[in-house]
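Everything on this sheet refers to the single structure shown next.
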Amino acid sequence: LAPDVLTRLREYLEDEDFLLEVACWAWEHCTKFPYESPNKWEHPLEFTRLHAEYRELFEGRTDEFLEQEGVDFKAILDDVQVELRDNPGPIRSLLDSLAASEDYLSFCKYMQQIRRRRDWAEGKDLMENGDAEDDDDGVSSPTRSAG
């Protein structure tokens with residue numbers, strides 16, 4: 001596969017409008033993911049569906065490009081993965097996003113990262129001890145007891 005096709009594919013995936021679409025999708029769904037490590041909570045079937053939907057964003061975009069170029073996607077997949085790993089380029093978020101589209105646990109971690117960013121943007125405090133469910137009034141209580 002010609003390196004210029006990989007370069008053009010990369011540029012197509014790094015298109016600002018497409019990356020905004022991915023970011024908006026992740027922003028919308030990130031609050032469903034718990035803060036704890038993905039190996040510490042049960043994974044609802046909905047997360048598998050979301051992962052498939054997320055992956056489809058990239059596959060659809062890639063298929064669109066390859067159809068325009070007249071190239072078979074399966075024939076270049078390994079080349080694309082090596083290129084992005086060895087030369088992540090100026091937009092590291094593309095590499096992180098693509099990794100999340102391929103691997104389910106990476107996807108969960110990516111969504112948790114987006115959730116933390118959303119919480120920060122919305123001015124929400126993160127509770128380190130995971131006891132947020134115990135607070136009915138939304139006011140966090142001290143983690144140490146007085147005494």
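Identifiers in this document derive from the order of the structure tokens: chains are assigned A, B, ..., residues are numbered from 1 separately in each chain, and ligands are numbered from 1 in order of occurrence.
Residue neighbourhood of A:Glu59, excluding near-sequence residues (fewer than 3 positions): Leu9, Leu13, Ala52, Glu53, Tyr54, Arg55, Glu56, Thr62, Asp63, Glu64, Phe65, Leu66, Glu67, Phe73, Lys74, Leu77, Leu98, Ser101 and Glu102 of chain A, at 12 Å, using only C-alpha atoms.
Atom pair atom CA of A:Cys108 / atom CA of A:Leu6: separated by 27.4 Å.
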Computed interatomic separation between atom CA of A:Thr7 and atom CA of A:Arg85 (Å): 13.6 Å
At a cut-off of 12 Å, using only C-alpha atoms, what residues contact A:Asn39? Leave out same-chain residues fewer than 2 positions from it and give the result as a PDB file with N, CA and C atoms, in the first residue's frame.
```pdb
ATOM      1  N   PRO A  34     -18.536   3.895  35.244  1.00  0.00           N
ATOM      2  CA  PRO A  34     -18.072   4.139  36.616  1.00  0.00           C
ATOM      3  C   PRO A  34     -16.627   4.649  36.629  1.00  0.00           C
ATOM      4  N   TYR A  35     -16.225   5.253  37.742  1.00  0.00           N
ATOM      5  CA  TYR A  35     -14.866   5.773  37.890  1.00  0.00           C
ATOM      6  C   TYR A  35     -13.850   4.670  38.175  1.00  0.00           C
ATOM      7  N   GLU A  36     -14.283   3.620  38.843  1.00  0.00           N
ATOM      8  CA  GLU A  36     -13.362   2.568  39.258  1.00  0.00           C
ATOM      9  C   GLU A  36     -12.763   1.849  38.046  1.00  0.00           C
ATOM     10  N   SER A  37     -11.661   1.177  38.286  1.00  0.00           N
ATOM     11  CA  SER A  37     -10.989   0.403  37.247  1.00  0.00           C
ATOM     12  C   SER A  37     -11.983  -0.556  36.592  1.00  0.00           C
ATOM     13  N   TRP A  41     -15.825  -3.645  38.168  1.00  0.00           N
ATOM     14  CA  TRP A  41     -17.275  -3.498  38.083  1.00  0.00           C
ATOM     15  C   TRP A  41     -17.835  -4.404  37.001  1.00  0.00           C
ATOM     16  N   GLU A  42     -19.121  -4.683  37.171  1.00  0.00           N
ATOM     17  CA  GLU A  42     -19.813  -5.518  36.200  1.00  0.00           C
ATOM     18  C   GLU A  42     -20.093  -4.694  34.946  1.00  0.00           C
ATOM     19  N   HIS A  43     -19.947  -5.327  33.815  1.00  0.00           N
ATOM     20  CA  HIS A  43     -20.102  -4.631  32.541  1.00  0.00           C
ATOM     21  C   HIS A  43     -21.468  -4.937  31.926  1.00  0.00           C
ATOM     22  N   TYR A 104     -12.055  -3.483  23.809  1.00  0.00           N
ATOM     23  CA  TYR A 104     -13.154  -3.120  24.700  1.00  0.00           C
ATOM     24  C   TYR A 104     -12.669  -2.459  25.988  1.00  0.00           C
ATOM     25  N   LEU A 105     -11.649  -3.020  26.663  1.00  0.00           N
ATOM     26  CA  LEU A 105     -11.180  -2.421  27.921  1.00  0.00           C
ATOM     27  C   LEU A 105     -10.546  -1.053  27.683  1.00  0.00           C
ATOM     28  N   SER A 106      -9.849  -0.902  26.561  1.00  0.00           N
ATOM     29  CA  SER A 106      -9.322   0.423  26.212  1.00  0.00           C
ATOM     30  C   SER A 106     -10.459   1.410  26.004  1.00  0.00           C
ATOM     31  N   CYS A 108     -13.399   1.298  27.509  1.00  0.00           N
ATOM     32  CA  CYS A 108     -13.914   1.659  28.838  1.00  0.00           C
ATOM     33  C   CYS A 108     -13.026   2.706  29.497  1.00  0.00           C
ATOM     34  N   LYS A 109     -11.714   2.526  29.422  1.00  0.00           N
ATOM     35  CA  LYS A 109     -10.774   3.484  30.023  1.00  0.00           C
ATOM     36  C   LYS A 109     -10.857   4.839  29.325  1.00  0.00           C
TER      37      LYS A 109
END
```
Give me, as a PDB file with all heavy atoms, in the first residue's frame, all polymer residues having an atom no more than 10 Å from A:Leu19, counting only C-alpha atoms and skipping those fewer than 4 positions away in the same chain.
```
ATOM      1  N   TYR A  12      -7.839  12.148   6.712  1.00  0.00           N
ATOM      2  CA  TYR A  12      -9.295  12.003   6.649  1.00  0.00           C
ATOM      3  C   TYR A  12      -9.862  11.705   8.034  1.00  0.00           C
ATOM      4  O   TYR A  12     -10.894  12.243   8.424  1.00  0.00           O
ATOM      5  CB  TYR A  12      -9.637  10.893   5.651  1.00  0.00           C
ATOM      6  CG  TYR A  12     -11.044  10.932   5.138  1.00  0.00           C
ATOM      7  CD1 TYR A  12     -11.466  11.919   4.257  1.00  0.00           C
ATOM      8  CD2 TYR A  12     -11.962   9.948   5.508  1.00  0.00           C
ATOM      9  CE1 TYR A  12     -12.771  11.938   3.762  1.00  0.00           C
ATOM     10  CE2 TYR A  12     -13.261   9.963   5.020  1.00  0.00           C
ATOM     11  CZ  TYR A  12     -13.657  10.960   4.145  1.00  0.00           C
ATOM     12  OH  TYR A  12     -14.941  10.984   3.668  1.00  0.00           O
ATOM     13  N   LEU A  13      -9.165  10.852   8.796  1.00  0.00           N
ATOM     14  CA  LEU A  13      -9.595  10.526  10.154  1.00  0.00           C
ATOM     15  C   LEU A  13      -9.329  11.670  11.132  1.00  0.00           C
ATOM     16  O   LEU A  13      -9.977  11.761  12.167  1.00  0.00           O
ATOM     17  CB  LEU A  13      -8.898   9.254  10.647  1.00  0.00           C
ATOM     18  CG  LEU A  13      -9.330   7.957   9.973  1.00  0.00           C
ATOM     19  CD1 LEU A  13      -8.418   6.818  10.394  1.00  0.00           C
ATOM     20  CD2 LEU A  13     -10.783   7.633  10.267  1.00  0.00           C
ATOM     21  N   GLU A  14      -8.356  12.507  10.815  1.00  0.00           N
ATOM     22  CA  GLU A  14      -8.026  13.643  11.686  1.00  0.00           C
ATOM     23  C   GLU A  14      -8.821  14.893  11.339  1.00  0.00           C
ATOM     24  O   GLU A  14      -8.611  15.954  11.932  1.00  0.00           O
ATOM     25  CB  GLU A  14      -6.526  13.938  11.623  1.00  0.00           C
ATOM     26  CG  GLU A  14      -5.681  12.872  12.289  1.00  0.00           C
ATOM     27  CD  GLU A  14      -4.187  13.112  12.166  1.00  0.00           C
ATOM     28  OE1 GLU A  14      -3.765  13.899  11.276  1.00  0.00           O
ATOM     29  OE2 GLU A  14      -3.436  12.507  12.934  1.00  0.00           O
ATOM     30  N   ASP A  15      -9.736  14.765  10.402  1.00  0.00           N
ATOM     31  CA  ASP A  15     -10.578  15.894  10.020  1.00  0.00           C
ATOM     32  C   ASP A  15     -11.277  16.445  11.262  1.00  0.00           C
ATOM     33  O   ASP A  15     -11.839  15.696  12.067  1.00  0.00           O
ATOM     34  CB  ASP A  15     -11.616  15.439   8.991  1.00  0.00           C
ATOM     35  CG  ASP A  15     -12.588  16.545   8.645  1.00  0.00           C
ATOM     36  OD1 ASP A  15     -12.183  17.482   7.933  1.00  0.00           O
ATOM     37  OD2 ASP A  15     -13.749  16.478   9.114  1.00  0.00           O
ATOM     38  N   ALA A  23     -15.877  13.158  19.573  1.00  0.00           N
ATOM     39  CA  ALA A  23     -15.833  13.758  20.910  1.00  0.00           C
ATOM     40  C   ALA A  23     -17.242  13.982  21.458  1.00  0.00           C
ATOM     41  O   ALA A  23     -17.500  13.715  22.640  1.00  0.00           O
ATOM     42  CB  ALA A  23     -15.059  15.079  20.867  1.00  0.00           C
ATOM     43  N   CYS A  24     -18.145  14.455  20.631  1.00  0.00           N
ATOM     44  CA  CYS A  24     -19.529  14.674  21.079  1.00  0.00           C
ATOM     45  C   CYS A  24     -20.200  13.354  21.440  1.00  0.00           C
ATOM     46  O   CYS A  24     -20.928  13.280  22.443  1.00  0.00           O
ATOM     47  CB  CYS A  24     -20.332  15.394  19.995  1.00  0.00           C
ATOM     48  SG  CYS A  24     -19.883  17.127  19.799  1.00  0.00           S
ATOM     49  N   TRP A  25     -19.953  12.321  20.669  1.00  0.00           N
ATOM     50  CA  TRP A  25     -20.518  11.010  20.966  1.00  0.00           C
ATOM     51  C   TRP A  25     -20.009  10.515  22.327  1.00  0.00           C
ATOM     52  O   TRP A  25     -20.792  10.082  23.168  1.00  0.00           O
ATOM     53  CB  TRP A  25     -20.159  10.007  19.857  1.00  0.00           C
ATOM     54  CG  TRP A  25     -20.794   8.681  20.053  1.00  0.00           C
ATOM     55  CD1 TRP A  25     -21.974   8.251  19.516  1.00  0.00           C
ATOM     56  CD2 TRP A  25     -20.314   7.610  20.872  1.00  0.00           C
ATOM     57  NE1 TRP A  25     -22.244   6.967  19.953  1.00  0.00           N
ATOM     58  CE2 TRP A  25     -21.246   6.552  20.781  1.00  0.00           C
ATOM     59  CE3 TRP A  25     -19.194   7.429  21.667  1.00  0.00           C
ATOM     60  CZ2 TRP A  25     -21.085   5.340  21.457  1.00  0.00           C
ATOM     61  CZ3 TRP A  25     -19.025   6.228  22.353  1.00  0.00           C
ATOM     62  CH2 TRP A  25     -19.966   5.204  22.238  1.00  0.00           C
ATOM     63  N   PHE A  58     -15.571   4.892  13.371  1.00  0.00           N
ATOM     64  CA  PHE A  58     -14.287   4.844  12.671  1.00  0.00           C
ATOM     65  C   PHE A  58     -14.341   3.960  11.430  1.00  0.00           C
ATOM     66  O   PHE A  58     -13.770   4.310  10.400  1.00  0.00           O
ATOM     67  CB  PHE A  58     -13.182   4.354  13.615  1.00  0.00           C
ATOM     68  CG  PHE A  58     -12.838   5.384  14.639  1.00  0.00           C
ATOM     69  CD1 PHE A  58     -13.434   5.361  15.879  1.00  0.00           C
ATOM     70  CD2 PHE A  58     -11.943   6.396  14.352  1.00  0.00           C
ATOM     71  CE1 PHE A  58     -13.140   6.325  16.822  1.00  0.00           C
ATOM     72  CE2 PHE A  58     -11.642   7.361  15.289  1.00  0.00           C
ATOM     73  CZ  PHE A  58     -12.238   7.328  16.529  1.00  0.00           C
ATOM     74  N   SER A  93      -4.766  12.194  20.152  1.00  0.00           N
ATOM     75  CA  SER A  93      -6.126  11.757  20.465  1.00  0.00           C
ATOM     76  C   SER A  93      -6.660  10.790  19.418  1.00  0.00           C
ATOM     77  O   SER A  93      -7.459   9.915  19.736  1.00  0.00           O
ATOM     78  CB  SER A  93      -7.058  12.954  20.609  1.00  0.00           C
ATOM     79  OG  SER A  93      -7.139  13.652  19.386  1.00  0.00           O
ATOM     80  N   LEU A  94      -6.207  10.910  18.167  1.00  0.00           N
ATOM     81  CA  LEU A  94      -6.645   9.969  17.142  1.00  0.00           C
ATOM     82  C   LEU A  94      -6.178   8.568  17.488  1.00  0.00           C
ATOM     83  O   LEU A  94      -6.949   7.613  17.418  1.00  0.00           O
ATOM     84  CB  LEU A  94      -6.123  10.370  15.759  1.00  0.00           C
ATOM     85  CG  LEU A  94      -6.419   9.364  14.636  1.00  0.00           C
ATOM     86  CD1 LEU A  94      -7.921   9.200  14.437  1.00  0.00           C
ATOM     87  CD2 LEU A  94      -5.742   9.781  13.356  1.00  0.00           C
ATOM     88  N   SER A  97      -8.184   7.267  20.369  1.00  0.00           N
ATOM     89  CA  SER A  97      -9.541   6.972  19.920  1.00  0.00           C
ATOM     90  C   SER A  97      -9.613   5.684  19.124  1.00  0.00           C
ATOM     91  O   SER A  97     -10.513   4.874  19.305  1.00  0.00           O
ATOM     92  CB  SER A  97     -10.081   8.121  19.061  1.00  0.00           C
ATOM     93  OG  SER A  97     -10.126   9.309  19.798  1.00  0.00           O
TER      94      SER A  97
END
```
Helix (DSSP H, G or I) per DSSP on the backbone: members of stretch 16-52 of chain A, as number ranges by chain: A: 16-32, 38-40, 45-52
